$ cat start09.txt   # compact mmCIF, C-alpha atoms
# COMPACT_ATOMS: atom_id res chain seq x y z
CA MET A 18 97.63 -39.10 79.66
CA PHE A 19 99.17 -38.74 76.21
CA GLU A 20 96.07 -40.25 74.60
CA THR A 21 93.82 -37.94 76.55
CA LYS A 22 95.67 -34.81 75.35
CA ARG A 23 95.64 -36.03 71.76
CA LEU A 24 91.91 -36.64 71.97
CA THR A 25 91.38 -33.14 73.30
CA ARG A 26 93.34 -31.66 70.41
CA ILE A 27 91.32 -33.65 67.90
CA GLN A 28 88.05 -32.54 69.49
CA ALA A 29 89.19 -28.90 69.42
CA SER A 30 90.16 -29.26 65.82
CA LEU A 31 86.75 -30.67 64.95
CA VAL A 32 85.00 -27.89 66.80
CA GLY A 33 87.08 -25.27 64.91
CA THR A 34 86.33 -26.92 61.60
CA GLU A 35 82.60 -26.97 62.41
CA LEU A 36 82.68 -23.32 63.41
CA ARG A 37 84.49 -22.36 60.20
CA GLY A 38 81.89 -24.32 58.13
CA CYS A 39 79.03 -22.63 59.91
CA SER A 40 80.53 -19.18 59.30
CA SER A 41 81.02 -20.02 55.62
CA ARG A 42 77.41 -21.14 55.27
CA GLN A 43 76.15 -17.94 56.94
CA GLY A 44 78.19 -15.81 54.55
CA GLY A 45 76.81 -17.73 51.58
CA ASN A 46 73.24 -17.28 52.81
CA ALA A 47 73.80 -13.56 53.24
CA LEU A 48 75.19 -13.30 49.73
CA LEU A 49 72.22 -15.21 48.34
CA VAL A 50 69.77 -13.03 50.19
CA SER A 51 71.55 -9.92 48.90
CA LEU A 52 71.36 -11.23 45.34
CA LEU A 53 67.67 -12.00 45.75
CA LEU A 54 67.01 -8.53 47.13
CA LEU A 55 68.91 -6.92 44.26
CA SER A 56 66.96 -9.01 41.77
CA LEU A 57 63.68 -8.08 43.43
CA LEU A 58 64.58 -4.39 43.43
CA ALA A 59 65.58 -4.61 39.77
CA ALA A 60 62.31 -6.34 38.94
CA LEU A 61 60.35 -3.71 40.85
CA ALA A 62 62.24 -0.91 39.11
CA THR A 63 61.64 -2.52 35.74
CA ALA A 64 57.94 -2.97 36.51
CA GLN A 65 57.68 0.63 37.69
CA PHE A 66 59.39 1.86 34.52
CA ALA A 67 57.07 -0.26 32.40
CA VAL A 68 54.01 1.10 34.23
CA VAL A 69 55.20 4.68 33.83
CA GLN A 70 55.88 4.09 30.14
CA LYS A 71 52.48 2.49 29.71
CA ASN A 72 50.77 5.39 31.47
CA VAL A 73 52.66 7.90 29.33
CA GLN A 74 51.68 6.02 26.19
CA SER A 75 48.06 5.75 27.34
CA SER A 76 47.96 9.43 28.22
CA ARG A 77 49.46 10.34 24.85
CA PHE A 78 47.00 8.03 23.08
CA PHE A 79 43.95 9.48 24.80
CA SER A 80 45.17 13.04 24.28
CA THR A 81 45.82 12.36 20.58
CA HIS A 82 42.53 10.51 20.22
CA SER A 83 40.68 13.42 21.81
CA ASP A 84 42.26 15.87 19.35
CA LEU A 85 41.47 13.61 16.41
CA ARG A 86 37.89 13.23 17.56
CA ARG A 87 37.46 17.01 17.53
CA TYR A 88 38.73 17.09 13.95
CA ALA A 89 36.28 14.30 13.08
CA GLU A 90 33.44 16.27 14.67
CA SER A 91 34.38 19.28 12.54
CA GLY A 92 34.14 16.99 9.52
CA ILE A 93 30.54 16.22 10.46
CA GLN A 94 29.73 19.93 10.57
CA LEU A 95 31.42 20.51 7.21
CA ALA A 96 29.35 17.71 5.69
CA LEU A 97 26.10 19.12 7.12
CA HIS A 98 26.94 22.56 5.74
CA ASP A 99 27.75 21.13 2.33
CA LEU A 100 24.57 19.06 2.26
CA THR A 101 22.49 22.08 3.17
CA TYR A 102 24.01 24.67 0.86
CA LYS A 103 25.50 22.47 -1.93
CA VAL A 104 28.86 24.23 -1.65
CA SER A 105 31.14 21.61 -3.19
CA GLY A 106 28.73 19.52 -5.23
CA ASN A 107 30.07 16.38 -3.49
CA ASP A 108 27.02 15.89 -1.20
CA GLY A 109 29.12 16.36 1.93
CA ARG A 110 31.84 13.85 1.05
CA ILE A 111 35.45 14.86 1.74
CA GLY A 112 38.26 12.68 0.42
CA THR A 113 35.89 9.77 -0.36
CA VAL A 114 34.23 10.90 -3.59
CA ASN A 115 35.63 7.91 -5.54
CA TRP A 116 35.38 5.38 -2.69
CA SER A 117 33.01 2.45 -3.30
CA ALA A 118 32.31 -1.05 -2.03
CA GLU A 119 35.14 -2.30 -4.26
CA SER A 120 37.52 -0.10 -2.28
CA ASP A 121 36.48 -1.63 1.08
CA ARG A 122 39.71 -3.64 1.54
CA GLY A 123 40.88 -2.62 5.01
CA THR A 124 43.98 -0.87 6.26
CA ASP A 125 46.40 -2.89 4.10
CA GLY A 126 44.53 -2.03 0.90
CA LEU A 127 44.32 -5.72 -0.06
CA SER A 128 41.14 -7.73 -0.39
CA GLY A 129 40.74 -11.13 1.22
CA THR A 130 43.11 -10.55 4.13
CA LEU A 131 40.34 -9.95 6.69
CA ASP A 132 42.30 -7.13 8.31
CA GLU A 133 40.88 -4.17 10.21
CA GLY A 134 38.28 -2.21 8.28
CA GLU A 135 37.82 -4.71 5.47
CA GLY A 136 34.21 -5.19 4.46
CA ASP A 137 32.78 -2.90 7.17
CA GLY A 138 30.99 -0.69 4.64
CA VAL A 139 32.82 2.53 5.54
CA PRO A 140 36.12 4.03 4.36
CA THR A 141 39.23 3.15 6.38
CA PRO A 142 42.70 4.76 6.31
CA GLY A 143 44.82 2.86 3.81
CA GLU A 144 42.00 1.77 1.53
CA PRO A 145 42.02 2.69 -2.18
CA ASN A 146 40.27 5.94 -3.15
CA VAL A 147 40.50 7.32 0.39
CA ALA A 148 42.30 10.66 0.10
CA PRO A 149 42.42 12.38 3.53
CA VAL A 150 42.52 16.17 3.51
CA PRO A 151 45.28 17.65 5.70
CA VAL A 152 43.99 19.40 8.82
CA GLY A 153 45.63 20.96 11.85
CA PRO A 154 49.37 21.71 12.25
CA PRO A 155 51.34 20.18 9.36
CA ALA A 156 53.87 18.67 11.79
CA GLU A 157 51.17 16.44 13.28
CA GLY A 158 50.34 14.85 9.91
CA ILE A 159 46.61 14.62 10.51
CA GLY A 160 44.25 13.77 7.66
CA LEU A 161 40.44 14.02 7.59
CA PHE A 162 37.94 12.28 5.35
CA VAL A 163 34.14 12.16 5.45
CA HIS A 164 31.76 9.70 3.83
CA VAL A 165 28.04 10.34 3.32
CA VAL A 166 25.49 7.75 2.20
CA ASP A 167 21.73 7.37 2.22
CA SER A 168 20.38 5.41 5.16
CA ALA A 169 17.47 2.98 5.29
CA PHE A 170 15.26 5.85 6.46
CA ALA A 171 13.69 8.43 4.19
CA ASN A 172 15.42 11.84 4.22
CA VAL A 173 18.12 10.58 6.60
CA LYS A 174 21.83 10.57 5.73
CA ARG A 175 24.52 8.47 7.41
CA ILE A 176 27.69 10.52 7.90
CA ILE A 177 31.02 9.01 9.02
CA ALA A 178 34.00 11.32 9.62
CA THR A 179 37.48 9.97 10.41
CA ALA A 180 40.65 11.80 11.45
CA SER A 181 43.95 9.92 11.55
CA ASN A 182 47.64 10.68 12.04
CA GLY A 183 48.83 7.31 10.72
CA GLU A 184 49.05 5.75 14.17
CA VAL A 185 45.81 6.72 15.89
CA SER A 186 42.38 7.20 14.31
CA ALA A 187 39.13 8.62 15.64
CA SER A 188 35.76 8.33 13.92
CA VAL A 189 32.40 9.98 14.51
CA GLU A 190 29.23 8.54 13.05
CA THR A 191 25.94 10.42 12.82
CA PHE A 192 22.56 10.09 11.22
CA ALA A 193 21.26 13.47 10.01
CA ARG A 194 17.60 14.03 9.25
CA GLN A 195 16.71 16.38 6.42
CA THR A 196 13.90 18.82 7.07
CA VAL A 197 12.43 20.05 3.82
CA VAL A 198 11.15 23.60 4.10
CA SER A 199 8.51 24.50 1.55
CA ILE A 200 7.36 27.92 0.41
CA PRO A 201 3.58 28.34 0.68
CA ARG A 202 1.86 28.95 -2.65
CA VAL A 203 -0.88 31.18 -1.27
CA GLY A 204 -0.74 34.13 -3.64
CA ALA A 205 1.45 36.55 -5.51
CA ILE A 206 1.23 38.64 -2.33
CA TYR A 207 0.17 37.62 1.15
CA VAL A 208 -0.77 40.28 3.70
CA ASP A 209 -1.66 39.79 7.33
CA PRO A 210 -5.07 41.12 8.45
CA GLY A 211 -4.79 44.82 9.26
CA VAL A 212 -2.21 45.56 6.57
CA VAL A 213 -3.28 48.63 4.66
CA LEU A 214 -3.27 48.58 0.84
CA ASP A 215 -2.47 51.79 -0.96
CA LEU A 216 -2.79 50.86 -4.63
CA ASN A 217 -3.65 54.11 -6.38
CA SER A 218 -1.16 53.86 -9.23
CA SER A 219 -2.14 52.80 -12.72
CA ALA A 220 1.30 51.29 -13.43
CA PHE A 221 1.44 48.35 -11.01
CA LEU A 222 0.50 44.73 -11.60
CA ILE A 223 -0.03 41.90 -9.11
CA ASP A 224 -0.50 38.66 -11.04
CA GLY A 225 -1.31 35.28 -9.52
CA HIS A 226 -1.06 33.45 -12.85
CA ASP A 227 2.01 31.20 -12.85
CA THR A 228 4.69 33.05 -14.82
CA ASN A 229 8.24 32.01 -15.62
CA PRO A 230 11.02 34.61 -15.32
CA ASP A 231 11.20 34.82 -19.13
CA GLY A 232 7.55 35.88 -19.22
CA THR A 233 6.14 32.58 -20.49
CA PRO A 234 3.30 30.78 -18.65
CA GLY A 235 4.40 28.45 -15.88
CA PRO A 236 3.23 24.86 -15.30
CA ALA A 237 1.14 25.45 -12.16
CA GLY A 238 -2.41 26.67 -11.88
CA PRO A 239 -3.17 30.22 -10.82
CA VAL A 240 -3.26 31.44 -7.25
CA VAL A 241 -4.94 34.60 -6.04
CA GLY A 242 -3.26 37.96 -6.59
CA ILE A 243 -3.54 38.99 -2.93
CA ALA A 244 -4.19 36.53 -0.10
CA THR A 245 -4.86 37.11 3.56
CA LYS A 246 -5.65 35.00 6.61
CA THR A 247 -9.08 33.43 6.86
CA GLY A 248 -11.43 35.78 8.64
CA SER A 249 -14.07 35.20 11.25
CA PRO A 250 -16.49 34.61 9.75
CA PRO A 251 -14.72 33.37 6.61
CA GLY A 252 -14.69 36.07 3.96
CA ALA A 253 -14.54 38.96 6.42
CA ASN A 254 -10.85 39.75 5.84
CA LYS A 255 -11.26 39.47 2.08
CA ALA A 256 -14.07 42.00 2.24
CA LEU A 257 -11.82 44.42 4.14
CA LEU A 258 -9.16 44.14 1.43
CA LEU A 259 -11.71 44.68 -1.32
CA ALA A 260 -12.87 47.88 0.35
CA GLU A 261 -9.32 49.29 0.10
CA ILE A 262 -8.90 48.73 -3.64
CA PRO A 263 -10.18 51.43 -6.02
CA HIS A 264 -12.55 50.04 -8.63
CA GLN A 265 -10.34 51.26 -11.47
CA GLN A 266 -7.48 49.07 -10.19
CA TYR A 267 -9.44 45.81 -10.11
CA ASN A 268 -7.95 44.55 -13.38
CA GLN A 269 -4.42 45.13 -12.04
CA ILE A 270 -4.84 42.39 -9.41
CA ARG A 271 -5.16 39.18 -11.37
CA GLY A 272 -5.17 35.47 -10.66
CA ALA A 273 -7.60 32.81 -9.52
CA GLY A 274 -11.21 33.90 -9.26
CA GLY A 275 -12.58 37.18 -10.52
CA LEU A 276 -11.20 40.71 -10.52
CA PRO A 277 -9.68 41.78 -8.27
CA SER A 278 -8.19 38.38 -7.43
CA LEU A 279 -8.43 38.10 -3.65
CA GLY A 280 -8.59 35.12 -1.31
CA GLU A 281 -8.30 33.85 2.24
CA THR A 282 -6.03 31.08 3.46
CA ALA A 283 -4.97 29.32 6.67
CA PHE A 284 -1.45 30.73 6.77
CA ASP A 285 0.90 31.59 9.63
CA PHE A 286 3.15 34.49 8.63
CA ARG A 287 5.18 34.34 11.84
CA SER A 288 5.96 30.64 11.42
CA VAL A 289 7.23 31.11 7.86
CA TYR A 290 9.17 34.21 8.89
CA ASP A 291 10.93 32.37 11.73
CA THR A 292 11.62 29.28 9.61
CA PHE A 293 13.45 31.15 6.88
CA ARG A 294 15.17 33.50 9.28
CA ALA A 295 16.90 30.44 10.75
CA LEU A 296 18.33 29.70 7.29
CA VAL A 297 20.00 33.08 6.80
CA THR A 298 23.33 32.98 4.94
CA HIS A 299 23.90 36.71 4.40
CA ILE A 300 23.22 39.75 6.59
CA VAL A 301 22.92 43.23 5.05
CA ASP A 302 23.05 46.47 7.03
CA PRO A 303 19.97 48.69 6.82
CA SER A 304 20.64 51.32 4.16
CA THR A 305 20.00 52.45 0.60
CA TYR A 306 21.75 50.36 -2.02
CA ARG A 307 22.10 50.98 -5.73
CA GLY A 308 23.06 48.06 -7.91
CA GLU A 309 23.24 45.65 -4.97
CA ASN A 310 23.57 41.93 -5.75
CA LEU A 311 21.48 39.76 -3.44
CA GLY A 312 21.98 36.55 -5.36
CA ASP A 313 22.03 35.67 -9.04
CA ALA A 314 19.58 33.18 -10.53
CA ALA A 315 21.61 32.93 -13.75
CA ALA A 316 24.59 31.71 -11.72
CA ASP A 317 22.40 29.45 -9.55
CA ASP A 318 23.39 31.61 -6.58
CA TYR A 319 20.33 31.68 -4.33
CA GLN A 320 20.94 33.48 -1.05
CA THR A 321 18.94 33.84 2.13
CA THR A 322 19.51 37.48 3.06
CA LEU A 323 18.46 39.22 6.27
CA VAL A 324 18.21 43.00 6.68
CA LYS A 325 17.95 44.09 10.31
CA GLY A 326 16.03 47.27 9.58
CA ASP A 327 14.79 49.26 6.57
CA LEU A 328 16.06 48.52 3.08
CA HIS A 329 15.91 50.69 -0.03
CA LEU A 330 16.96 49.11 -3.31
CA SER A 331 17.36 51.22 -6.41
CA GLY A 332 19.10 51.20 -9.76
CA ASP A 333 19.91 48.00 -11.58
CA ALA A 334 19.94 45.79 -8.49
CA VAL A 335 19.28 42.05 -8.77
CA GLY A 336 18.58 39.28 -6.32
CA ALA A 337 17.62 35.64 -6.02
CA GLY A 338 16.64 33.43 -3.09
CA VAL A 339 14.92 34.66 0.06
CA LEU A 340 14.99 38.29 1.16
CA ILE A 341 13.92 38.93 4.77
CA VAL A 342 13.48 42.53 5.88
CA GLU A 343 12.85 43.21 9.56
CA GLY A 344 11.80 46.78 8.79
CA SER A 345 10.33 48.26 5.62
CA LEU A 346 11.28 47.63 2.01
CA THR A 347 11.33 50.23 -0.75
CA ILE A 348 12.14 49.16 -4.30
CA THR A 349 12.73 51.76 -7.01
CA GLY A 350 14.42 51.73 -10.38
CA LYS A 351 15.11 48.66 -12.49
CA PHE A 352 15.20 46.04 -9.77
CA SER A 353 14.63 42.36 -10.48
CA PHE A 354 14.27 39.69 -7.81
CA GLN A 355 13.53 35.99 -8.16
CA GLY A 356 12.35 34.24 -5.03
CA LEU A 357 10.51 34.86 -1.79
CA VAL A 358 10.37 38.32 -0.22
CA ILE A 359 9.33 38.47 3.46
CA VAL A 360 8.84 41.92 4.94
CA ALA A 361 7.83 42.60 8.53
CA GLY A 362 7.03 46.27 7.86
CA ASP A 363 5.96 48.31 4.84
CA VAL A 364 6.50 47.42 1.20
CA ARG A 365 6.73 50.15 -1.42
CA MET A 366 7.54 49.40 -5.02
CA SER A 367 8.04 52.26 -7.43
CA GLY A 368 9.70 51.58 -10.74
CA THR A 369 10.91 55.01 -11.76
CA GLY A 370 11.14 55.12 -15.53
CA SER A 371 11.57 51.33 -15.72
CA GLU A 372 10.02 48.23 -14.24
CA ALA A 373 10.74 46.80 -10.81
CA LYS A 374 9.89 43.11 -10.94
CA VAL A 375 9.54 40.29 -8.44
CA PHE A 376 9.03 36.73 -9.67
CA GLY A 377 7.96 34.37 -6.91
CA SER A 378 5.93 35.64 -3.98
CA VAL A 379 5.87 38.50 -1.47
CA LEU A 380 4.76 38.12 2.18
CA VAL A 381 3.93 41.22 4.21
CA GLY A 382 3.31 41.14 7.98
CA GLN A 383 2.91 43.43 10.96
CA SER A 384 5.83 45.64 11.97
CA LEU A 385 8.13 44.13 14.59
CA VAL A 386 9.12 47.45 16.09
CA THR A 387 5.90 49.44 16.58
CA ASP A 388 2.18 48.87 16.72
CA GLN A 389 1.61 50.99 13.63
CA VAL A 390 -0.37 49.34 10.84
CA SER A 391 1.84 48.09 7.99
CA ARG A 392 1.28 49.49 4.53
CA THR A 393 1.74 47.97 1.09
CA LYS A 394 2.13 50.46 -1.73
CA GLY A 395 2.17 49.84 -5.48
CA SER A 396 3.22 52.75 -7.63
CA GLY A 397 5.33 53.46 -10.67
CA ALA A 398 6.00 50.58 -13.04
CA SER A 399 6.10 47.71 -10.53
CA ARG A 400 5.27 44.08 -11.22
CA ILE A 401 4.81 41.13 -8.88
CA TYR A 402 4.36 37.75 -10.57
CA PHE A 403 3.65 34.46 -8.88
CA SER A 404 6.17 31.93 -10.20
CA SER A 405 6.14 28.27 -9.17
CA GLU A 406 9.36 27.62 -11.09
CA VAL A 407 11.23 30.26 -9.13
CA LEU A 408 9.84 29.12 -5.78
CA SER A 409 10.81 25.50 -6.55
CA ARG A 410 14.36 26.57 -7.39
CA VAL A 411 14.61 28.52 -4.17
CA GLU A 412 13.31 25.56 -2.15
CA ASN A 413 15.91 23.28 -3.68
CA ALA A 414 18.68 25.80 -3.06
CA VAL A 415 17.98 27.10 0.44
CA GLY A 416 14.97 25.26 1.85
CA HIS A 417 16.72 22.11 3.13
CA ARG A 418 18.10 21.74 6.64
CA TYR A 419 19.82 18.83 8.36
CA SER A 420 19.66 18.10 12.07
CA ILE A 421 21.55 15.32 13.87
CA ALA A 422 19.23 12.52 14.98
CA TYR A 423 21.92 10.09 16.22
CA TYR A 424 25.55 10.51 17.29
CA ASP A 425 28.27 7.98 18.10
CA ASP A 426 32.03 8.44 18.44
CA LYS A 427 34.42 5.52 18.14

$ encode --input "start09.txt" --output "structure tokens"
Amino acid sequence: MFETKRLTRIQASLVGTELRGCSSRQGGNALLVSLLLLSLLAALATAQFAVVQKNVQSSRFFSTHSDLRRYAESGIQLALHDLTYKVSGNDGRIGTVNWSAESDRGTDGLSGTLDEGEGDGVPTPGEPNVAPVPVGPPAEGIGLFVHVVDSAFANVKRIIATASNGEVSASVETFARQTVVSIPRVGAIYVDPGVVLDLNSSAFLIDGHDTNPDGTPGPAGPVVGIATKTGSPPGANKALLLAEIPHQQYNQIRGAGGLPSLGETAFDFRSVYDTFRALVTHIVDPSTYRGENLGDAAADDYQTTLVKGDLHLSGDAVGAGVLIVEGSLTITGKFSFQGLVIVAGDVRMSGTGSEAKVFGSVLVGQSLVTDQVSRTKGSGASRIYFSSEVLSRVENAVGHRYSIAYYDDK
């Protein structure tokens, strides 16, 4: 009996010990699970924070890159403008005038390190002789530079513009094709068929012999004094012009051929008018101007001026380049112009007490506003000289346009 009770107590003790061990193990498992859950939640929170940070950084990068790309695109437009109008004399380059192949060392400015931008043939931020021009808000620290080089194609320039804030850069590369616009050498004056000539003065001269602005003979051969479009049959329009010129004025229209010097040519007035109208750099209100400056050949300032209406120039006015008049043009006084004059309406030149001179060429077409026949008058002391030298200078100054043939942003 005593042994039986002792055995029972031992068994109960063992059972209690086993139960206490089981409870301890369950508590340990719960603690471990809790720690694992906390670790997992911490890892998830860290991952979420990292993703958010990455998204913020990516968003900031793309936003900054987009802004920089717009600045780079503006650099392309500045280069095209400079190439067209020779504003700076740097052929469109901005901040890269002294950059060369020797400067192509990459972002660290050291040769032989094979870092980003080294040996790629284009300027890179950090390279010698790259001097970015500040653009945008000063606080953003953005610099812009543009490089322009000849491409493997004739009359095509490669233009690379880069904007950088020191951390992010954006580049735009284009190939721009140059369209050379030439001035037709058809005559001292060209008139469309139907333009009426009123040349009853004894003090005008229309001369198709090549004449320099200083009065010396030019290098080119003569053209006709007055040209018009080829008639049907050929010669018909020339005959109509001849019928409008008084015999006593024959020797006042000089140039190729006999007196008066007249000729026909395959010429499209409207095409030339539209071409040069697209190159306009200055717009003048219709009015009467005395002493107006429409460009200065002595200062190499050749302008392409548009007048949206009638223009009257008097006094000691001067001009150089291309003058486009949508209405009628009246020139009086001591006016001197070097270049191409394109008039949609009437032309009247009357040098009152002094000479009104045009060196280059004058084109007269039908009025744009009415169906009335245009009229060309020569009276007073007026002179129109064909000048190949002047027309060549004008072509070089204003007759070049660039259009983008290829575009790529990086």

$ atom_distance --input "start09.txt" --atom1 "CA of Ala316 (chain A)" --atom2 "CA of His329 (chain A)"
23.9 Å

$ residues_near_point --input "start09.txt" --point "(12.8, 33.6, 3.0)" --cutoff "12 Å" --atoms "only C-alpha atoms" --output "PyMOL selection string"
chain A and resi 198-201+286-299+319-324+337-343+355-361+377-381+408+411-412+414-416

$ atom_distance --input "start09.txt" --atom1 "CA of Leu330 (chain A)" --atom2 "CA of Leu216 (chain A)"
19.9 Å

$ atom_distance --input "start09.txt" --atom1 "CA of Leu259 (chain A)" --atom2 "CA of Ile223 (chain A)"
14.3 Å

$ closest_residue --input "start09.txt" --among "A:Asp302, A:Val407, A:Ser117, A:His264" --to "Arg202 (chain A)" --atoms "all atoms listed in the file"
A:Val407

$ residues_around --input "start09.txt" --residues "Gly238 (chain A)" --least-positions-apart "5" --cutoff "12 Å" --atoms "only C-alpha atoms" --output "list in words"
Arg202, Val203, Gly204, Gly225, His226, Asp227, Thr228, Gly272, Ala273, Gly274, Phe403, Ser404, Ser405 and Glu406 of chain A

$ residues_around --input "start09.txt" --residues "Asp425 (chain A)" --least-positions-apart "3" --cutoff "9 Å" --atoms "only C-alpha atoms" --output "PDB file with C-alpha atoms, in the coordinates of the input"
ATOM      1  CA  SER A 188      35.760   8.330  13.920  1.00  0.00           C
ATOM      2  CA  VAL A 189      32.400   9.980  14.510  1.00  0.00           C
ATOM      3  CA  GLU A 190      29.230   8.540  13.050  1.00  0.00           C
ATOM      4  CA  THR A 191      25.940  10.420  12.820  1.00  0.00           C
TER       5      THR A 191
END

$ closest_residue --input "start09.txt" --among "A:Ala156, A:Ala96, A:Leu53, A:Leu85" --to "Ser186 (chain A)" --atoms "all atoms listed in the file"
A:Leu85

$ closest_residue --input "start09.txt" --among "A:Thr141, A:Ser56, A:Asn46, A:Ser331" --to "Ser181 (chain A)" --atoms "only C-alpha atoms"
A:Thr141

$ residues_near_point --input "start09.txt" --point "(36.9, 10.9, -2.9)" --cutoff "7 Å" --atoms "all atoms listed in the file" --output "number ranges by chain"
A: 111-116, 146-148

$ write_last_selection --input "start09.txt" --atoms "C-alpha atoms" --output "compact mmCIF listing (two decimals), in the coordinates of the input"
# COMPACT_ATOMS: atom_id res chain seq x y z
CA ILE A 111 35.45 14.86 1.74
CA GLY A 112 38.26 12.68 0.42
CA THR A 113 35.89 9.77 -0.36
CA VAL A 114 34.23 10.90 -3.59
CA ASN A 115 35.63 7.91 -5.54
CA TRP A 116 35.38 5.38 -2.69
CA ASN A 146 40.27 5.94 -3.15
CA VAL A 147 40.50 7.32 0.39
CA ALA A 148 42.30 10.66 0.10
